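The next block holds one structure in the form of structure tokens; read it before the comments.
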Amino acid sequence: MDPAALNFDQETFRLAAAVGLLVLSAFCAHLLLLPDRHRHVRFPLALFFVAQSIELLALPASYLLPGGDPGFMNLLFELVEIPMTMSQPFLLWLYVLRLTSDPTGMFAVPRLVWHGLPIGFACVLYVYILLLPAPLQASLQPGAKDLVIWQSIAMFGLYGATILFYVLVPIYSVMILQRLSRYKTRLKDLFASTENRELGWARWLAISVVAFWAFNVIAIVVSEFNLSFLGASLFDSLLAAIIVRYTLTWSIALWGMRQRPGIVPPNKKISVGSVTELPLRKYGRSGLSDARLDRIATKIEALMRDEQLYLQPDLSLWDLSDRIGVTTHYTSQALNEKIGQRFFDYINHWRIQDAKNRLRSSDATILAIAYDVGFNSRSSFYTAFKRELGLTPSQYRSKMA
């Protein structure tokens with residue numbers, strides 16, 4: 001790229017935007033790599049920002065290198081975008097994968113080698129083009145004719161890498177959404193309150209990534225075919241592209257740096273006789289008789305009825321199992337097979353029943369009642385109450401008055 005051939009003001013704006021985004025990305029990578037007990041979880045996200053930083057080096061490098069000639073060093077920085085952009089969807093997905101990891105063993109470990117194939121292809125293409133003789137490199141331009149076989153291979157690879165990247169982005173976004181859906185379901189087996197663990201921001205982030213992908217695809221189509229329609233200028237706007245890129249980067253950084261894994265078992269094992277804590281897998285043949293499961297279910301009911309264990313805001317399956325003196329595996333099995341509810345629904349059912357009594361018999365505010373019966377927020381209380389009774393707490397109180 002020859003900066004002098006472009007409009008100076010626009011190119012200066014592009015340069016400033018690229019340098020700003022580069023600095024922001026490098027700073028975020030630095031923060032994510034600071035020592036912390038969850039650094040291994042954040043490591044893929046740190047690599048995501050490192051890759052983005054390296055990808056953005058091309059434009060500043062074109063000004064810093066002598067004369068801005070399209071020589072080997074310029075090509076080195078320009079083409080590094082290929083492997084760096086190819087790795088970013090995978091790294092974002094890997095971060096969500098680690099963030100939603102389940103130490104209890106419910107989620108299968110994916111085979112990451114398949115995910116490395118597109119990145120490997122991009123790296124091979126990058127090295128291949130750099131090894132071409134300089135005259136052949138200089139002719140690698142869109143629409144170039146009379147290419148020799150080595151140049152044709154390079155051009156085919158460049159087009160293939162571009163198509164592959166735009167295919168991978170929606171695929172990984174869907175994979176992230178599927179992972180979050182399974183994770184949300186899993187949380188309800190383990191926790192009575194899940195609102196601070198559900199990673200709703202990651203779901204919106206995946207949707208935003210798809211929106212950014214669609215924006216870029218439309219922008220490419222508008223540019224290549226010179227399309228003209230209402231709003232077409234927006235997709236060809238440098239300012240719009242920069243705003244979208246900055247917003248997406250800032251969102252990933254803001255939420256990614258503050259998030260912690262949601263499924264963290266307590267650092268202890270429950271041991272009763274020869275029974276030791278096991279991963280919460282599908283029950284299959286657990287070795288428990290119906291009579292034993294009935295006794296566990298009876299103990300659970302007694303803890304709720306007599307000791308009102310459901311009033312603990314952060315009650316977990318581990319807490320309940322500890323009180324009963326059995327493994328979480330057996331507690332979960334009793335809940336599902338004998339009581340017929342998963343842990344989250346069962347505990348909130350007791351909370352709602354208590355809330356109903358308080359709404360009828362006291363003048364306490366709805367928010368106070370929500371906190372008193374164990375909910376952590378007004379919104380979660382309203383959601384659970386309406387799901388259980390089909391009415392909001394205010395409507396129920398008015399109806400019972």
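Every chain in the structure tokens takes a letter, A first, then B, and so on in the order presented; its residues are numbered from 1, and the ligands are numbered from 1 following the presented order.
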
Which residues are close to segment 212-216 of chain A, i.e. within 9 Å by only C-alpha atoms, leaving aside same-chain residues fewer than 6 positions away? Reply as a VMD selection string. chain A and resid 166 169 to 170 235 241 244 to 245 248

Please return as a VMD selection string: the residues of segment 137-380 of chain A that backbone DSSP assigns to strand (DSSP E or B). chain A and resid 191 271 to 272 275 to 276 316

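Minimum distance to Leu45 of chain A across A:Ser193, A:Gln88, A:Gln353, A:Gln151 (counting only C-alpha atoms) occurs at A:Gln88.
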
Fewer than 3 positions away in the same chain doesn't count, so skip those; otherwise give me all residues within 12 Å of Ser251 of chain A, counting only C-alpha atoms, as a list in words. Leu24, Ser25, Cys28, Trp201, Ala202, Trp204, Leu205, Ala206, Ser208, Val209, Val244, Arg245, Tyr246, Thr247, Leu248, Leu254, Trp255, Gly256, Met257 and Arg258 of chain A

Just C-alpha atoms for this one: save the residues we selected as a short mmCIF file (atom, residue, chain, number, x, y, z; two decimals), in the first residue's frame.
data_model
loop_
_atom_site.label_atom_id
_atom_site.label_comp_id
_atom_site.auth_asym_id
_atom_site.auth_seq_id
_atom_site.Cartn_x
_atom_site.Cartn_y
_atom_site.Cartn_z
CA LEU A 24 -6.27 -0.62 23.22
CA SER A 25 -5.88 -4.27 22.17
CA CYS A 28 -6.29 -5.37 27.18
CA TRP A 201 -23.31 -10.68 27.99
CA ALA A 202 -21.51 -13.45 26.06
CA TRP A 204 -25.25 -10.74 23.20
CA LEU A 205 -21.59 -10.60 22.25
CA ALA A 206 -21.95 -13.61 19.95
CA SER A 208 -23.00 -8.74 17.97
CA VAL A 209 -20.15 -10.62 16.29
CA VAL A 244 -18.40 -0.78 15.03
CA ARG A 245 -14.88 -2.23 15.46
CA TYR A 246 -14.12 -0.09 18.51
CA THR A 247 -17.49 -0.87 20.10
CA LEU A 248 -17.04 -4.60 19.63
CA LEU A 254 -14.99 -4.80 29.37
CA TRP A 255 -16.98 -7.96 30.04
CA GLY A 256 -14.18 -10.42 29.40
CA MET A 257 -11.88 -8.93 32.02
CA ARG A 258 -14.49 -8.86 34.77
#

So which residues of segment 89-171 of chain A fall under alpha helix (DSSP H) by DSSP, listed as a PyMOL selection string? chain A and resi 89-99+112-131+134-138+149-171

Take the residues just selected and output them with C-alpha atoms as a compact mmCIF listing (two decimals), in the first residue's frame.
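Writing the result to out-v1.txt gives the following:
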# COMPACT_ATOMS: atom_id res chain seq x y z
CA PRO A 89 -13.03 -16.68 16.16
CA PHE A 90 -11.42 -19.82 17.58
CA LEU A 91 -9.80 -17.92 20.47
CA LEU A 92 -13.06 -16.21 21.40
CA TRP A 93 -14.86 -19.56 21.38
CA LEU A 94 -12.07 -21.16 23.42
CA TYR A 95 -12.40 -18.40 26.03
CA VAL A 96 -16.15 -19.05 26.38
CA LEU A 97 -15.39 -22.78 26.51
CA ARG A 98 -13.05 -22.31 29.47
CA LEU A 99 -15.34 -19.81 31.14
CA LEU A 112 -9.15 -28.96 19.46
CA VAL A 113 -6.96 -30.33 16.65
CA TRP A 114 -9.78 -29.85 14.14
CA HIS A 115 -10.10 -26.22 15.15
CA GLY A 116 -6.42 -25.68 14.36
CA LEU A 117 -6.72 -26.71 10.71
CA PRO A 118 -7.95 -23.31 9.38
CA ILE A 119 -5.25 -21.52 11.39
CA GLY A 120 -2.65 -23.96 10.09
CA PHE A 121 -3.81 -23.34 6.52
CA ALA A 122 -3.53 -19.57 7.04
CA CYS A 123 0.01 -19.92 8.48
CA VAL A 124 1.14 -22.12 5.56
CA LEU A 125 -0.29 -19.62 3.08
CA TYR A 126 1.45 -16.76 4.87
CA VAL A 127 4.85 -18.49 4.75
CA TYR A 128 4.30 -19.63 1.14
CA ILE A 129 3.72 -16.09 -0.14
CA LEU A 130 6.68 -14.73 1.81
CA LEU A 131 8.92 -17.34 0.18
CA ALA A 134 9.93 -10.53 -5.04
CA PRO A 135 8.74 -10.06 -8.68
CA LEU A 136 6.03 -12.69 -8.15
CA GLN A 137 4.98 -11.12 -4.86
CA ALA A 138 4.61 -7.68 -6.45
CA ILE A 149 1.32 -21.26 -11.48
CA TRP A 150 2.96 -20.18 -8.19
CA GLN A 151 1.09 -16.89 -8.23
CA SER A 152 -2.19 -18.61 -9.08
CA ILE A 153 -1.76 -20.89 -6.08
CA ALA A 154 -1.14 -17.86 -3.87
CA MET A 155 -4.18 -15.98 -5.20
CA PHE A 156 -6.36 -19.07 -4.86
CA GLY A 157 -5.16 -19.41 -1.27
CA LEU A 158 -5.87 -15.74 -0.48
CA TYR A 159 -9.42 -15.95 -1.83
CA GLY A 160 -9.92 -19.26 -0.06
CA ALA A 161 -8.68 -17.86 3.26
CA THR A 162 -11.03 -14.89 2.96
CA ILE A 163 -14.03 -17.13 2.25
CA LEU A 164 -13.01 -19.53 5.03
CA PHE A 165 -12.81 -16.70 7.57
CA TYR A 166 -16.26 -15.41 6.68
CA VAL A 167 -17.62 -18.95 7.00
CA LEU A 168 -15.95 -19.56 10.37
CA VAL A 169 -17.28 -16.41 12.08
CA PRO A 170 -20.99 -17.42 12.05
CA ILE A 171 -20.10 -21.06 12.78

By how many Å are atom CA of Ala17 of chain A and atom CA of Ile242 of chain A apart? 7.0 Å
